[in-house]
Structures are given as C-alpha cells and as structure tokens.
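Coordinates as given in model-v8.tsv (TSV, C-alpha atoms):
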chain	number	residue	atom	x	y	z
L	1	MET	CA	7.58	-60.02	121.03
L	2	ALA	CA	6.48	-60.75	117.46
L	3	SER	CA	5.43	-57.14	117.03
L	4	SER	CA	8.75	-55.96	118.44
L	5	ALA	CA	10.70	-58.19	116.07
L	6	LEU	CA	8.73	-56.91	113.09
L	7	THR	CA	9.32	-53.32	114.09
L	8	HIS	CA	13.02	-53.99	114.51
L	9	SER	CA	13.35	-55.61	111.08
L	10	SER	CA	11.40	-52.84	109.32
L	11	PHE	CA	13.25	-49.79	110.69
L	12	SER	CA	16.75	-51.00	111.54
L	13	PRO	CA	19.56	-50.15	109.06
L	14	LEU	CA	20.10	-52.69	106.30
L	15	THR	CA	23.36	-54.57	106.22
L	16	SER	CA	25.00	-56.81	103.65
L	17	HIS	CA	24.14	-59.81	105.85
L	18	SER	CA	20.43	-59.04	105.95
L	19	PRO	CA	18.16	-61.04	103.59
L	20	ILE	CA	15.99	-57.97	103.19
L	21	SER	CA	19.06	-56.02	101.99
L	22	ASN	CA	19.86	-58.63	99.37
L	23	ARG	CA	16.34	-58.59	97.97
L	24	THR	CA	16.29	-54.78	97.92
L	25	LEU	CA	19.55	-54.53	95.96
L	26	GLN	CA	18.37	-57.05	93.42
L	27	THR	CA	15.10	-55.20	92.89
L	28	SER	CA	16.87	-51.82	92.39
L	29	SER	CA	19.03	-53.16	89.59
L	30	LEU	CA	16.09	-54.58	87.58
L	31	ALA	CA	14.35	-51.25	86.80
L	32	LEU	CA	10.87	-52.85	87.03
L	33	PRO	CA	7.75	-50.94	85.95
L	34	ARG	CA	6.47	-48.21	88.24
L	35	LYS	CA	2.87	-49.48	88.32
L	36	GLN	CA	3.84	-52.83	89.85
L	37	PHE	CA	5.44	-51.34	92.94
L	38	GLY	CA	3.71	-47.96	93.13
L	39	SER	CA	6.97	-46.12	93.86
L	40	PRO	CA	8.69	-43.56	91.62
L	41	PHE	CA	12.15	-44.08	93.07
L	42	LEU	CA	13.21	-47.05	90.94
L	43	SER	CA	12.25	-45.42	87.64
L	44	THR	CA	13.76	-42.04	88.56
L	45	HIS	CA	17.05	-43.62	89.61
L	46	SER	CA	17.24	-45.57	86.34
L	47	ASN	CA	16.61	-42.46	84.17
L	48	LEU	CA	19.24	-40.41	85.92
L	49	THR	CA	21.82	-43.16	85.52
L	50	HIS	CA	21.01	-43.47	81.80
L	51	LYS	CA	21.40	-39.71	81.15
L	52	SER	CA	24.76	-39.60	82.90
L	53	PHE	CA	25.99	-42.49	80.74
L	54	ILE	CA	25.08	-40.66	77.50
L	55	VAL	CA	26.90	-37.47	78.48
L	56	ASN	CA	30.08	-39.32	79.33
L	57	CYS	CA	30.17	-41.08	75.94
L	58	ASN	CA	30.90	-37.90	73.91
L	59	PRO	CA	34.57	-36.89	74.42
L	60	PRO	CA	35.80	-33.91	72.30
L	61	GLU	CA	38.07	-36.06	70.12
L	62	LYS	CA	37.51	-34.02	66.92
L	63	GLU	CA	38.55	-30.74	68.53
L	64	SER	CA	41.71	-32.23	70.01
L	65	ALA	CA	42.61	-33.75	66.62
L	66	ASN	CA	42.39	-30.33	64.92
L	67	GLN	CA	44.61	-28.77	67.56
L	68	GLU	CA	47.32	-31.33	66.87
L	69	VAL	CA	47.69	-30.31	63.17
L	70	PRO	CA	50.68	-27.94	62.77
L	71	ILE	CA	49.85	-24.48	61.49
L	72	GLU	CA	52.02	-24.92	58.38
L	73	LEU	CA	49.93	-27.94	57.33
L	74	ARG	CA	46.43	-26.52	57.84
L	75	TYR	CA	46.36	-24.32	54.73
L	76	PRO	CA	47.57	-25.91	51.47
L	77	ALA	CA	49.70	-23.78	49.16
L	78	PHE	CA	49.04	-23.25	45.47
L	79	PRO	CA	50.98	-25.67	43.25
L	80	THR	CA	53.63	-24.37	40.87
L	81	VAL	CA	53.38	-25.35	37.22
L	82	MET	CA	55.31	-22.30	35.99
L	83	ASP	CA	57.25	-19.98	38.27
L	84	ILE	CA	57.92	-16.31	37.64
L	85	ASN	CA	61.14	-17.01	35.71
L	86	GLN	CA	59.34	-19.33	33.29
L	87	ILE	CA	56.55	-16.77	32.88
L	88	ARG	CA	59.10	-14.08	32.00
L	89	GLU	CA	60.49	-16.32	29.28
L	90	ILE	CA	57.07	-16.37	27.58
L	91	LEU	CA	55.49	-12.97	28.26
L	92	PRO	CA	57.19	-9.76	27.07
L	93	HIS	CA	55.85	-7.74	30.06
L	94	ARG	CA	58.14	-6.47	32.80
L	95	PHE	CA	57.82	-4.53	36.06
L	96	PRO	CA	55.66	-2.69	36.87
L	97	PHE	CA	53.24	-4.18	34.35
L	98	LEU	CA	53.81	-7.92	34.70
L	99	LEU	CA	50.66	-8.94	36.58
L	100	VAL	CA	51.05	-12.75	36.72
L	101	ASP	CA	53.03	-14.34	39.57
L	102	ARG	CA	52.54	-18.08	39.11
L	103	VAL	CA	50.80	-20.62	36.88
L	104	ILE	CA	49.02	-23.29	38.93
L	105	GLU	CA	47.34	-25.25	36.12
L	106	TYR	CA	48.12	-25.58	32.43
L	107	LYS	CA	46.34	-27.55	29.71
L	108	PRO	CA	48.26	-27.10	26.43
L	109	GLY	CA	46.14	-25.45	23.77
L	110	GLU	CA	43.09	-25.26	26.07
L	111	SER	CA	43.38	-23.24	29.27
L	112	VAL	CA	45.63	-21.72	31.91
L	113	VAL	CA	44.99	-20.95	35.59
L	114	ALA	CA	47.34	-18.42	37.19
L	115	ILE	CA	47.47	-16.20	40.27
L	116	LYS	CA	48.31	-12.60	41.04
L	117	ASN	CA	49.19	-11.79	44.65
L	118	VAL	CA	47.70	-8.37	45.31
L	119	THR	CA	49.82	-6.50	47.88
L	120	ILE	CA	49.76	-3.01	49.33
L	121	ASN	CA	53.17	-2.48	47.67
L	122	ASP	CA	51.65	-2.57	44.16
L	123	ASN	CA	52.39	0.76	42.52
L	124	PHE	CA	48.75	1.58	41.68
L	125	PHE	CA	47.47	1.61	45.27
L	126	PRO	CA	48.80	5.06	46.30
L	127	GLY	CA	46.47	6.64	43.76
L	128	HIS	CA	43.60	4.08	43.67
L	129	PHE	CA	42.58	4.94	46.33
L	130	PRO	CA	44.70	6.46	49.12
L	131	ASP	CA	42.08	5.78	51.81
L	132	ARG	CA	40.67	2.57	50.32
L	133	PRO	CA	43.13	0.51	48.25
L	134	ILE	CA	41.21	-1.25	45.45
L	135	MET	CA	42.77	-2.91	42.42
L	136	PRO	CA	41.62	-1.07	39.27
L	137	GLY	CA	39.24	-3.08	37.10
L	138	VAL	CA	41.21	-2.34	33.95
L	139	LEU	CA	44.27	-3.93	35.56
L	140	MET	CA	42.27	-7.04	36.42
L	141	VAL	CA	41.35	-7.27	32.74
L	142	GLU	CA	45.01	-6.73	31.81
L	143	ALA	CA	46.14	-9.46	34.20
L	144	MET	CA	43.61	-11.88	32.70
L	145	ALA	CA	44.79	-10.98	29.19
L	146	GLN	CA	48.37	-11.79	30.20
L	147	VAL	CA	47.19	-15.19	31.42
L	148	GLY	CA	45.52	-15.67	28.04
L	149	GLY	CA	48.84	-14.81	26.42
L	150	LEU	CA	50.37	-17.83	28.13
L	151	VAL	CA	47.95	-19.96	26.08
L	152	MET	CA	48.38	-18.11	22.80
L	153	LEU	CA	52.16	-17.88	22.79
L	154	GLN	CA	52.78	-21.58	23.39
L	155	PRO	CA	53.84	-23.93	20.56
L	156	GLU	CA	50.69	-26.03	21.01
L	157	VAL	CA	48.63	-23.12	19.67
L	158	GLY	CA	51.15	-22.14	17.03
L	159	GLY	CA	52.35	-19.04	18.84
L	160	SER	CA	55.68	-17.56	17.90
L	161	ARG	CA	56.36	-16.15	21.39
L	162	ASP	CA	56.19	-12.63	19.99
L	163	ASN	CA	53.93	-9.80	21.18
L	164	PHE	CA	50.15	-10.08	21.35
L	165	PHE	CA	47.54	-7.35	21.58
L	166	PHE	CA	43.93	-6.72	22.55
L	167	ALA	CA	41.58	-6.86	19.60
L	168	GLY	CA	38.42	-6.51	21.67
L	169	ILE	CA	36.68	-7.22	24.96
L	170	ASP	CA	32.99	-8.01	25.49
L	171	LYS	CA	30.58	-8.72	28.34
L	172	VAL	CA	33.08	-7.68	31.00
L	173	ARG	CA	31.57	-7.53	34.48
L	174	PHE	CA	33.15	-6.63	37.81
L	175	ARG	CA	31.37	-8.46	40.61
L	176	LYS	CA	33.33	-7.52	43.73
L	177	PRO	CA	36.26	-5.23	44.58
L	178	VAL	CA	39.74	-6.74	44.87
L	179	ILE	CA	41.79	-5.28	47.72
L	180	ALA	CA	45.32	-5.51	49.07
L	181	GLY	CA	45.95	-8.93	50.59
L	182	ASP	CA	43.75	-10.83	48.11
L	183	THR	CA	44.99	-13.57	45.82
L	184	LEU	CA	43.47	-13.18	42.36
L	185	VAL	CA	42.96	-16.58	40.71
L	186	MET	CA	42.44	-16.22	36.95
L	187	LYS	CA	41.34	-18.84	34.45
L	188	MET	CA	41.51	-18.22	30.71
L	189	THR	CA	40.01	-20.73	28.27
L	190	LEU	CA	40.65	-20.76	24.52
L	191	VAL	CA	37.30	-20.85	22.70
L	192	LYS	CA	38.31	-20.30	19.08
L	193	LEU	CA	41.55	-19.76	17.21
L	194	GLN	CA	42.06	-18.53	13.67
L	195	LYS	CA	45.67	-19.42	12.96
L	196	ARG	CA	45.61	-17.79	9.52
L	197	PHE	CA	44.90	-14.36	11.00
L	198	GLY	CA	46.50	-14.98	14.39
L	199	ILE	CA	43.29	-14.10	16.25
L	200	ALA	CA	42.00	-15.94	19.30
L	201	LYS	CA	38.74	-15.72	21.22
L	202	MET	CA	38.93	-16.54	24.92
L	203	GLU	CA	36.70	-16.62	27.95
L	204	GLY	CA	38.04	-15.50	31.29
L	205	LYS	CA	37.02	-15.52	34.94
L	206	ALA	CA	38.82	-14.21	38.00
L	207	TYR	CA	38.15	-15.38	41.55
L	208	VAL	CA	38.97	-14.34	45.09
L	209	GLY	CA	38.20	-16.85	47.82
L	210	GLY	CA	36.11	-18.99	45.45
L	211	GLU	CA	33.85	-16.10	44.36
L	212	VAL	CA	33.84	-14.55	40.89
L	213	VAL	CA	35.12	-10.97	40.94
L	214	CYS	CA	35.53	-10.39	37.20
L	215	GLU	CA	34.54	-12.14	33.97
L	216	GLY	CA	34.39	-11.43	30.28
L	217	GLU	CA	35.18	-12.44	26.69
L	218	PHE	CA	38.51	-11.53	25.13
L	219	LEU	CA	39.61	-11.16	21.52
L	220	MET	CA	43.36	-11.06	21.06
L	221	ALA	CA	45.72	-10.95	18.11
L	222	MET	CA	49.33	-12.03	17.77
L	223	GLY	CA	51.67	-9.48	16.27
Rendering of file as structure tokens:
Amino acid sequence: MASSALTHSSFSPLTSHSPISNRTLQTSSLALPRKQFGSPFLSTHSNLTHKSFIVNCNPPEKESANQEVPIELRYPAFPTVMDINQIREILPHRFPFLLVDRVIEYKPGESVVAIKNVTINDNFFPGHFPDRPIMPGVLMVEAMAQVGGLVMLQPEVGGSRDNFFFAGIDKVRFRKPVIAGDTLVMKMTLVKLQKRFGIAKMEGKAYVGGEVVCEGEFLMAMG
C-alpha cells in the first residue's frame, strides 16, 4: 500500500490543492542554479522569459513621432532679409540678367548671403546644354558678383547705389555642376575696401546642399 501511494503521488497530475504542486511552483519562480538541481528546465525557462521581456520593451515611438509631423513643417524655408523688390532697388540689373532672388543674411559692411533658384525655365538652359542642363560657370561668377554688389552699394560701405564693375577675378574654382532644380546659396565677404578709389576686394563661395560648388576672389570697382 505504501508503494502504491508513492506511485500515485509521483505520477498523478498536480493540482492547486497538492502540497507538491505548491512547492514546484515556488521553485520554478526562483530561477535557482542548474548545478543544484541537475535539470536544465529551470534555467532555460528563465532565459526565454527574459529575452521576451527585452523585445517587448522597444516600441517604435520615434518612427511614429516622425510620421505625425506635417509635410509643410518638415523642411524649413529660407528666411527673407531682402525680397526681390528690395534687391531691385539696389542692383541695376534686370531680367534676364538679375541672378539674385532673395537675401537670407546681411551683415552691414561685412557680408551678404543670398540665393538663386535655378530652374529649367532659365533662358540659358536651352543652349547649355539641350540634353544636360547645367548652369554656366561664368553665370555663377556673375551671380556671386551681384551678391557682392549688395555689400558695396549700401550706405555702410559708402556706396552711392550707382553701377559697379568687375576689376578682376582670381583663384576661381568650379567644384561641382549646378543643374536645374538646385538652390545656389552664395556668400560674399568684404575683405578690403579702398574708398578713395572705390575698389573692393571680396571673397566668395557658392553652395548647393551644403557643398561648395564655386569659390574665388573678386575685385570690383564702383562707377
């Protein structure tokens, strides 16, 4: 009878009322070392539970936050310090040779940053080139010179808002082609000014997408 009772208690299903069941549940939740019990089941069960917990703790919150930003707010626009009407009041150039669309930064007597929106409708693209529209390098230099004129012809420099001309260009380099659809960002910095002779030396750089596409030194004279 004792043997029969032992066999019954060892192989019968465990219930919540069984003392053996209570001890077994307590042991499973402790994750005791494998060597003490000689069974791999406790350690394996604990590792699997831990891995599942780590995976569930990484929801894609960052991706959902980006999707909630409206399209009109994702890409900031260039600021406007001078619009095209104010530029026309300073520069004598007119269509089709006015190559500055907006001034986005202006430090009186020091520097100007302006942009030129390069579009397929620009009148030089049909001939340069029909199958591969590229903005001519000489027009990039001209556009940068016009930005420099915005520095020279201001009262802070002593300009009279009359015409100005090229007196020389040095160390001009074209780094990358500028194509239709690009926004040319040009910065011109006044290096030296001789008010007596009306001659100014300037340094210029032009960028597309944060990369330099053209740079050089400019010598200009007011006429």
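The spacing separating atom CA of Pro126 of chain L from atom CA of Val185 of chain L amounts to 23.1 Å.
Counting from atom CA of Val103 of chain L, the distance to atom CA of Lys205 of chain L is 14.8 Å.
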- prompt: Which neighbours of segment 148-151 of chain L fall inside 6 Å, counting all atoms listed in the file, when residues of the same chain fewer than 3 positions from it are skipped, and could you give them as a ChimeraX atom specification?
  reply: /L:145,154,188
task: Fewer than 3 positions away in the same chain doesn't count, so skip those; otherwise give me all residues within 12 Å of Met152 of chain L, counting all atoms listed in the file, as a ChimeraX atom specification.
output: /L:90-91,107-112,145-149,155-165,188-195,198-202,219-223
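Residue nearest Phe125 of chain L within the list L:Glu68, L:Gly181, L:Val212, L:Glu217: L:Gly181 [criterion: smallest interatomic distance, only C-alpha atoms].
From atom CA of Val213 of chain L back to atom CA of Ala77 of chain L, the distance works out to 21.1 Å.
Of the residues listed (L:Arg88, L:Lys116, L:Arg132, L:Lys171), L:Lys171 shows the shortest atom-to-atom separation from Glu203 of chain L; distances use all atoms listed in the file.
In terms of minimum interatomic distance to Phe218 of chain L, L:Val141 ranks closest within L:Arg196, L:Val141, L:Thr183, L:Asp83, counting all atoms listed in the file.
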Top pick for closest residue to Phe97 of chain L, considering L:Ala143, L:Val208, L:Ile71, L:Ile84 and counting only C-alpha atoms: L:Ala143
